[in-house]
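Report on the structure given below.
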Amino acid sequence: MIKNTDISKAMTIKLPDVLPDMPKFEEGIRRAPDRGFRLTEAQTELALKNALRYVPEQFHDQVIPEFLEELKTRGRIYGYRWYPKERIYGKPIDEYKGKCTAAKAMQVMIDNNLDFDIALYPYELVTYGETGQVCSNWMQYQLIKRYLEEMTDEQTLVLESGHPLGLFASKKDAPRVIITNGLLVGEYDNIHDWEIAEQMGVTNYGQMTAGGWMYIGPQGIVHGTFNTLLNAGRLKLGIPDDGDLTGKLFITSGLGGMSGAQGKAGEIAKSVTIVAEVDRSRIDTRLEQGWISHVTETPEETMRLAKEYLDNKDSTSIAYHGNVVDLLEYVDKHDIHVDLLSDQTSCHNVYEGGYCPVGITFEERTRLLAEDQDTFRKMIDDTLERHFNVIKSLTSKGTYFFDYGNSFMKAIYDTGIKEISKNGVDDKDGFIWPSYVEDIMGPMLFDYGYGPFRWVCLSRKHEDLMATDRAAMEVIDPTRRYQDRDNYNWIRDAEDNKLVVGTEARILYQDAMGRVSIALKFNEMVRRGEIGPVMIGRDHHDVSGTDSPFRETSNIKDGSNVTADMATQCYAGNAARGMSLIALHNGGGVGIGKSINGGFGLVLDGTELTDEIIKSAIAWDTMGGVARRSWARNDHAIETSMEYNEMRKGSDHITIPYLADDEKVKSAVSELFK
């Protein structure tokens with residue numbers, strides 16, 4: 001029989017044979033709600049054994065009751081005892097232990113995701129989106145850090161849903177870290193089976209950039225939100241290409257991780273923005289960070305303040321401390337015109353705390369979530385119905401509503417409200433209101449290859465970030481397209497808009513060749529010693545990173561929106577081309593079974609090898625998605641693919657579709673069905 005003493009001797013990388021003291025939890029730090037304990041007795045035994053796998057045997061008697069208490073009272077085993085004693089934040093790269101630059105860079109990114117200023121529930125390793133975790137528990141965190149301290153530039157660390165499987169020999173041009181999160185076999189690819197697996201400690205919800213370690217705080221979504229609002233104005237409100245949203249009212253809800261960007265983005269786009277939020281702590285965080293300008297407590301006060309700014313043609317952001325349904329019903333009753341309307345609550349986890357029933361406080365929501373889930377679900381369904389009805393009324397009066405990719409309309413559909421289905425039969429063709437990607441981001445940005453490129457200055461020096469901003473501006477030609485002018489203005493004003501939360505990072509929507517040029521320029525600057533190492537990456541929410549029929553691929557109309565080939569090919573292609581980190585996740589911002597999404601990170605260390613990876617990998621990462629969109633017969637993607645074929649003649653080549661005459665097709669099909 002194998003003994004634990006023999007197992008311990010067989011490992012050189014493991015948790016130390018010292019039991020840490022229990023940490024002291026700081027007051028005022030948000031904590032994840034009790035997720036509910038729903039395991040059977042046999043499953044509970046497995047969950048306990050699974051957590052004990054990380055812990056030396058001599059400590060099992062002491063930690064068994066602790067783990068069971070966590071499971072019973074919080075619905076998860078977090079292993080709080082292994083929470084680090086020192087403050088977690090993205091320190092300068094030189095302060096980390098490691099045998100290669102990439103290994104130290106990964107540690108910066110992990111810790112930045114768990115910074116109190118960034119993470120939604122830092123003690124539970126949740127970065128954003130209610131459940132998006134860096135990994136599942138603190139034993140995993142500690143073990144991952146030890147692996148990264150030992151990893152060389154000829155090894156790869158493999159992580160499966162937060163678990164560090166091990167280090168394996170590879171090559172310098174191979175990924176240093178490969179991550180998968182939440183991938184489930186089809187029969188079990190649903191929220192119920194995922195929840196059981198998560199409680200048993202065998203899967204993890206990486207959201208998008210949480211489990212991929214590339215989250216950079218609310219700045220990571222603010223540029224996309226700015227683009228969405230500005231282009232919605234152009235598309236639906238008659239705003240000229242060089243105009244803004246002055247005098248326009250935008251109402252939405254949610255001030256968490258991703259949704260926390262809405263107020264700031266609205267102000268930059270010059271609208272009056274109202275964001276409803278039931279959790280006062282999230283409002284306070286955004287107020288302290290300067291991402292919200294005012295707080296109100298009643299619908300009357302909120303709309304009175306909004307009117308003052310609208311009348312004066314000034315922009316501002318208002319956090320309404322209350323339920324968005326109450327606010328919208330007040331607006332509807334008093335016939336107040338709303339130009340743009342959306343929602344960014346965490347409806348991918350609508351019954352797990354991501355959406356709050358109307359008529360109760362946030363604290364009562366948390367109690368019901370833990371103690372009476374049947375009542376809670378009924379209240380959620382009733383609130384979604386009221387929310388649906390008031391949006392119907394407002395849109396009939398001229399409001400433009402768009403689903404903000406949070407699975408809001410899918411949640412309504414799943415309550416049994418089939419009226420929201422576009423085809424009246426099922427949800428495969430989407431819903432009566434568009435996804436923001438379907439109407440705005442897809443045709444106006446993604447089809448050209450523009451998406452959320454980002455970088456982190458690993459030195460944590462502000463002067464490095466300023467140098468990269470100036471370098472990026474030199475690359476952008478603002479006269480090429482209005483998208484480029486938007487990007488030039490964005491990066492020009494980034495410092496004044498005070499976008500940084502956490503380590504020194506920047507978001508900038510760019511197309512394929514723009515990303516390549518900027519990355520090469522940054523790597524040259526590192527090589528010359530002008531700046532320290534830089535980590536580049538992107539949101540998984542991008543041109544090619546995600547297959548999600550209700551969001552990222554909602555403007556794919558050839559029937560392939562139900563497939564997950566693109567994200568998987570993107571992930572595999574990035575591995576083959578040597579990205580430093582690659583990640584593939586289930587769920588993303590819309591929920592388990594509704595999305596497959598992938599991302600990357602590339603450490604710019606100044607080497608010529610990194611130049612070669614940039615040239616092959618960055619173009620592939622973006623153009624694979626443009627090619628898929630072109631094959632779906634999206635006009636701008638076809639144009640971009642044709643340009644790319646000419647530009648990369650002899651190197652790359654994209655298959656471009658022949659177009660069929662709509663009338664000929666309709667006529668032939670009509671004859672068939674007579």
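Letters A, B, ... mark the chains of the structure tokens in the order given; residue numbers begin at 1 per chain; ligand numbers begin at 1, in order shown.
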At most 12 Å is the cut-off: for each residue in range 242-344 of chain A with any atom that close to an atom of range 409-424 of chain A, write down the nearest atom pair and the distance in Å rounded to one decimal, counting only C-alpha atoms, chain first then increasing number, as a Markdown table.
```
| residue | atom | partner | partner_atom | distance |
| --- | --- | --- | --- | --- |
| A:Ser342 | CA | A:Met409 | CA | 10.8 |
| A:Asp343 | CA | A:Met409 | CA | 9.9 |
| A:Gln344 | CA | A:Met409 | CA | 11.3 |
```
For the contact check between range 341-390 of chain A and range 581-592 of chain A, emit one row per residue of range 341-390 of chain A within 10 Å, containing the shortest atom pair and the distance in Å rounded to one decimal, counting only C-alpha atoms, chain then rising number order, as a Markdown table.
```
| residue | atom | partner | partner_atom | distance |
| --- | --- | --- | --- | --- |
| A:Gln344 | CA | A:Gly589 | CA | 9.9 |
| A:Ser346 | CA | A:Gly589 | CA | 7.7 |
| A:Cys347 | CA | A:Val590 | CA | 7.2 |
| A:His348 | CA | A:Gly591 | CA | 4.4 |
| A:Asn349 | CA | A:Gly591 | CA | 6.7 |
| A:Val350 | CA | A:Gly591 | CA | 9.4 |
```
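Minimum atom-to-atom distances from A:His337, A:His321, A:Lys172, A:Lys498 to Ser281 in chain A were compared using only C-alpha atoms, and the lowest value belongs to A:His321.
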Find the residues near Ala494 in chain A: any atom within 12 Å, counting only C-alpha atoms, skip ones fewer than 6 places away on the same chain, and give them as number ranges by chain.
-> A: 219, 222-223, 264-265, 268, 465-466, 468-470, 472-473, 486-488, 500, 505-508
Store the residues picked out above in a file with N, CA, C and O atoms, as a PDB file, in the first residue's frame.
```pdb
ATOM      1  N   GLN A 219     -10.990  49.031 -15.910  1.00  0.00           N
ATOM      2  CA  GLN A 219     -10.470  49.606 -17.151  1.00  0.00           C
ATOM      3  C   GLN A 219     -10.560  48.599 -18.296  1.00  0.00           C
ATOM      4  O   GLN A 219     -10.732  48.975 -19.455  1.00  0.00           O
ATOM      5  N   VAL A 222     -13.869  49.199 -19.814  1.00  0.00           N
ATOM      6  CA  VAL A 222     -14.379  50.554 -20.020  1.00  0.00           C
ATOM      7  C   VAL A 222     -14.222  51.010 -21.470  1.00  0.00           C
ATOM      8  O   VAL A 222     -15.088  51.713 -22.005  1.00  0.00           O
ATOM      9  N   HIS A 223     -13.133  50.600 -22.135  1.00  0.00           N
ATOM     10  CA  HIS A 223     -12.982  51.026 -23.530  1.00  0.00           C
ATOM     11  C   HIS A 223     -14.052  50.369 -24.409  1.00  0.00           C
ATOM     12  O   HIS A 223     -14.626  51.016 -25.286  1.00  0.00           O
ATOM     13  N   LYS A 264     -18.030  55.364 -15.796  1.00  0.00           N
ATOM     14  CA  LYS A 264     -16.849  56.030 -16.346  1.00  0.00           C
ATOM     15  C   LYS A 264     -16.938  56.106 -17.874  1.00  0.00           C
ATOM     16  O   LYS A 264     -16.669  57.153 -18.467  1.00  0.00           O
ATOM     17  N   ALA A 265     -17.321  55.012 -18.515  1.00  0.00           N
ATOM     18  CA  ALA A 265     -17.426  54.998 -19.973  1.00  0.00           C
ATOM     19  C   ALA A 265     -18.471  55.996 -20.456  1.00  0.00           C
ATOM     20  O   ALA A 265     -18.274  56.691 -21.466  1.00  0.00           O
ATOM     21  N   ILE A 268     -17.046  59.496 -20.293  1.00  0.00           N
ATOM     22  CA  ILE A 268     -16.082  59.747 -21.365  1.00  0.00           C
ATOM     23  C   ILE A 268     -16.804  59.963 -22.689  1.00  0.00           C
ATOM     24  O   ILE A 268     -16.392  60.786 -23.514  1.00  0.00           O
ATOM     25  N   LEU A 465       4.157  53.119 -18.178  1.00  0.00           N
ATOM     26  CA  LEU A 465       2.839  53.160 -18.817  1.00  0.00           C
ATOM     27  C   LEU A 465       2.725  54.383 -19.720  1.00  0.00           C
ATOM     28  O   LEU A 465       2.206  54.295 -20.845  1.00  0.00           O
ATOM     29  N   MET A 466       3.211  55.514 -19.254  1.00  0.00           N
ATOM     30  CA  MET A 466       3.160  56.731 -20.072  1.00  0.00           C
ATOM     31  C   MET A 466       3.970  56.553 -21.364  1.00  0.00           C
ATOM     32  O   MET A 466       3.560  57.002 -22.442  1.00  0.00           O
ATOM     33  N   THR A 468       4.516  53.729 -22.927  1.00  0.00           N
ATOM     34  CA  THR A 468       3.780  52.837 -23.836  1.00  0.00           C
ATOM     35  C   THR A 468       2.591  53.554 -24.463  1.00  0.00           C
ATOM     36  O   THR A 468       2.261  53.314 -25.636  1.00  0.00           O
ATOM     37  N   ASP A 469       1.939  54.428 -23.712  1.00  0.00           N
ATOM     38  CA  ASP A 469       0.844  55.219 -24.289  1.00  0.00           C
ATOM     39  C   ASP A 469       1.351  56.046 -25.470  1.00  0.00           C
ATOM     40  O   ASP A 469       0.726  56.081 -26.543  1.00  0.00           O
ATOM     41  N   ARG A 470       2.478  56.718 -25.277  1.00  0.00           N
ATOM     42  CA  ARG A 470       3.029  57.556 -26.353  1.00  0.00           C
ATOM     43  C   ARG A 470       3.415  56.700 -27.560  1.00  0.00           C
ATOM     44  O   ARG A 470       3.163  57.080 -28.721  1.00  0.00           O
ATOM     45  N   ALA A 472       2.098  53.803 -28.450  1.00  0.00           N
ATOM     46  CA  ALA A 472       0.880  53.337 -29.120  1.00  0.00           C
ATOM     47  C   ALA A 472       0.291  54.434 -29.998  1.00  0.00           C
ATOM     48  O   ALA A 472      -0.176  54.175 -31.119  1.00  0.00           O
ATOM     49  N   MET A 473       0.319  55.667 -29.530  1.00  0.00           N
ATOM     50  CA  MET A 473      -0.208  56.783 -30.320  1.00  0.00           C
ATOM     51  C   MET A 473       0.579  56.955 -31.620  1.00  0.00           C
ATOM     52  O   MET A 473       0.009  57.312 -32.655  1.00  0.00           O
ATOM     53  N   ASP A 486     -11.202  57.044 -32.983  1.00  0.00           N
ATOM     54  CA  ASP A 486     -11.685  56.783 -31.620  1.00  0.00           C
ATOM     55  C   ASP A 486     -10.556  56.261 -30.738  1.00  0.00           C
ATOM     56  O   ASP A 486     -10.401  56.670 -29.576  1.00  0.00           O
ATOM     57  N   ASN A 487      -9.763  55.334 -31.291  1.00  0.00           N
ATOM     58  CA  ASN A 487      -8.680  54.735 -30.513  1.00  0.00           C
ATOM     59  C   ASN A 487      -7.586  55.745 -30.196  1.00  0.00           C
ATOM     60  O   ASN A 487      -7.014  55.748 -29.096  1.00  0.00           O
ATOM     61  N   TYR A 488      -7.270  56.591 -31.172  1.00  0.00           N
ATOM     62  CA  TYR A 488      -6.246  57.621 -30.954  1.00  0.00           C
ATOM     63  C   TYR A 488      -6.688  58.572 -29.834  1.00  0.00           C
ATOM     64  O   TYR A 488      -5.914  58.881 -28.912  1.00  0.00           O
ATOM     65  N   VAL A 500      -6.467  53.678 -14.400  1.00  0.00           N
ATOM     66  CA  VAL A 500      -5.730  52.578 -13.768  1.00  0.00           C
ATOM     67  C   VAL A 500      -6.296  52.242 -12.390  1.00  0.00           C
ATOM     68  O   VAL A 500      -6.453  53.115 -11.534  1.00  0.00           O
ATOM     69  N   ALA A 505      -1.645  49.412 -16.137  1.00  0.00           N
ATOM     70  CA  ALA A 505      -2.151  48.666 -17.290  1.00  0.00           C
ATOM     71  C   ALA A 505      -2.950  49.586 -18.197  1.00  0.00           C
ATOM     72  O   ALA A 505      -3.386  50.670 -17.800  1.00  0.00           O
ATOM     73  N   ARG A 506      -3.133  49.123 -19.425  1.00  0.00           N
ATOM     74  CA  ARG A 506      -3.900  49.910 -20.384  1.00  0.00           C
ATOM     75  C   ARG A 506      -4.710  48.991 -21.296  1.00  0.00           C
ATOM     76  O   ARG A 506      -4.274  47.908 -21.673  1.00  0.00           O
ATOM     77  N   ILE A 507      -5.908  49.446 -21.670  1.00  0.00           N
ATOM     78  CA  ILE A 507      -6.754  48.775 -22.657  1.00  0.00           C
ATOM     79  C   ILE A 507      -6.803  49.650 -23.903  1.00  0.00           C
ATOM     80  O   ILE A 507      -6.845  50.881 -23.803  1.00  0.00           O
ATOM     81  N   LEU A 508      -6.753  49.047 -25.083  1.00  0.00           N
ATOM     82  CA  LEU A 508      -6.811  49.799 -26.333  1.00  0.00           C
ATOM     83  C   LEU A 508      -7.342  48.898 -27.433  1.00  0.00           C
ATOM     84  O   LEU A 508      -6.684  47.937 -27.831  1.00  0.00           O
TER      85      LEU A 508
END
```
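Listed by chain and then by rising number, the residues of range 29-242 of chain A that DSSP assigns to strand (DSSP E) from the backbone are Val126, Thr127, Tyr128, Gly132, Gln133, Gln155, Thr156, Leu157, Val158, Leu159, Glu160, His163, Pro164, Leu165, Gly166, Leu167, Phe168, Ala169, Val177, Ile178, Ile179, Thr180 and Asn181 of chain A.
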At a cut-off of 8 Å, using only C-alpha atoms, what residues contact Lys85 in chain A? Leave out same-chain residues fewer than 2 positions from it and give the result as number ranges by chain.
A: 23, 83, 87
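Neighbours of range 430-447 of chain A closer than or equal to 7 Å, with only C-alpha atoms counted and sequence neighbours fewer than 3 positions away skipped, come out as A:Thr228, A:Asn231, A:Ala232, A:Phe401, A:Phe402, A:Asp403, A:Tyr404, A:Gly405, A:Ile420, A:Ser421, A:Lys422, A:Asp427, A:Tyr450, A:Gly451, A:Val543, A:Phe550, A:Arg551, A:Glu552, A:Ser554, A:Asn555, A:Val626, A:Arg629, A:His636, A:Ala637.
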Residues of range 557-650 of chain A at most 12 Å from range 453-457 of chain A: nearest atom pair and distance in Å, only C-alpha atoms, as a Markdown table:
```
| residue | atom | partner | partner_atom | distance |
| --- | --- | --- | --- | --- |
| A:Gly599 | CA | A:Phe453 | CA | 10.8 |
| A:Phe600 | CA | A:Phe453 | CA | 10.5 |
| A:Gly601 | CA | A:Trp455 | CA | 9.0 |
| A:Leu602 | CA | A:Trp455 | CA | 9.3 |
| A:Val603 | CA | A:Val456 | CA | 9.5 |
| A:Leu604 | CA | A:Cys457 | CA | 9.8 |
| A:Asp605 | CA | A:Cys457 | CA | 11.4 |
| A:Ile618 | CA | A:Phe453 | CA | 10.2 |
| A:Asp621 | CA | A:Phe453 | CA | 11.0 |
| A:Thr622 | CA | A:Phe453 | CA | 10.0 |
```
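Residues in contact range of Ile614 in chain A, defined as at most 7 Å between only C-alpha atoms, with sequence neighbours fewer than 4 positions away removed, read Val516, Ala519, Leu520, Thr610 and Ile618 of chain A.
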For the residues in that selection, give me C-alpha atoms as an mmCIF file, in the first residue's frame.
```cif
data_model
loop_
_atom_site.group_PDB
_atom_site.id
_atom_site.type_symbol
_atom_site.label_atom_id
_atom_site.label_comp_id
_atom_site.auth_asym_id
_atom_site.auth_seq_id
_atom_site.Cartn_x
_atom_site.Cartn_y
_atom_site.Cartn_z
ATOM 1 C CA VAL A 516 1.329 43.465 -34.135
ATOM 2 C CA ALA A 519 3.634 44.758 -29.617
ATOM 3 C CA LEU A 520 6.794 44.901 -31.753
ATOM 4 C CA THR A 610 9.472 37.216 -28.824
ATOM 5 C CA ILE A 618 -0.858 38.088 -32.818
#
```
Spatial neighbours of Asp547 in chain A, 8 Å, only C-alpha atoms, chain gap at least 6 places, as a CSV table (one decimal) with C-alpha atoms, in the first residue's frame:
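The file below, out.csv, is the result:
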```csv
chain,number,residue,atom,x,y,z
A,553,THR,CA,-20.9,35.3,-32.1
A,561,ASN,CA,-23.3,30.2,-34.0
A,562,VAL,CA,-23.9,27.0,-32.1
A,563,THR,CA,-20.4,25.7,-32.7
A,564,ALA,CA,-17.3,26.2,-30.6
A,565,ASP,CA,-14.6,25.6,-33.3
A,566,MET,CA,-13.3,29.1,-33.4
A,567,ALA,CA,-12.4,29.6,-29.8
A,595,SER,CA,-19.9,29.9,-24.3
A,596,ILE,CA,-16.4,28.5,-24.9
A,597,ASN,CA,-13.8,31.3,-24.6
```
A straight line from CA of Asp326 in chain A to CA of Gln262 in chain A spans 19.4 Å
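Distance annotation: of A:Trp138, A:Tyr205, A:Tyr89, A:Tyr309, the residue with the minimal separation from Arg460 in chain A is A:Tyr89; atom set is only C-alpha atoms.
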DSSP alpha helix (DSSP H) residues within range 57-252 of chain A, listed as a ChimeraX atom specification
/A:60-74,101-113,138-150,191-199,219-236
With a cut-off of 7 Å, could you pull out the residues of range 320-421 of chain A touching range 29-38 of chain A and give me the nearest pair of atoms for each, distance in Å to one decimal, using only C-alpha atoms, ordered by chain and ascending number, as CSV?
```
residue,atom,partner,partner_atom,distance
A:Glu352,CA,A:Arg35,CA,6.8
A:Thr366,CA,A:Pro33,CA,6.3
A:Ala370,CA,A:Gly36,CA,5.5
```
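Comparing A:Lys14, A:Leu68, A:Gly166, A:Phe116 by their smallest distance to Leu143 in chain A, the closest is A:Lys14 (using only C-alpha atoms).
Between Glu26 in chain A and the residues A:Pro218, A:Pro122, A:Ile491, A:Ala467, the shortest atom-to-atom distance, using only C-alpha atoms, involves A:Pro122.
Counting only C-alpha atoms and comparing A:Cys100, A:Asp94, A:Pro357, A:Gln199, the residue that lies closest to Thr44 in chain A is A:Gln199.
Minimum atom-to-atom distance to Gly217 in chain A, evaluated using only C-alpha atoms, belongs to A:Thr503 out of A:Lys9, A:Glu198, A:Met106, A:Thr503.
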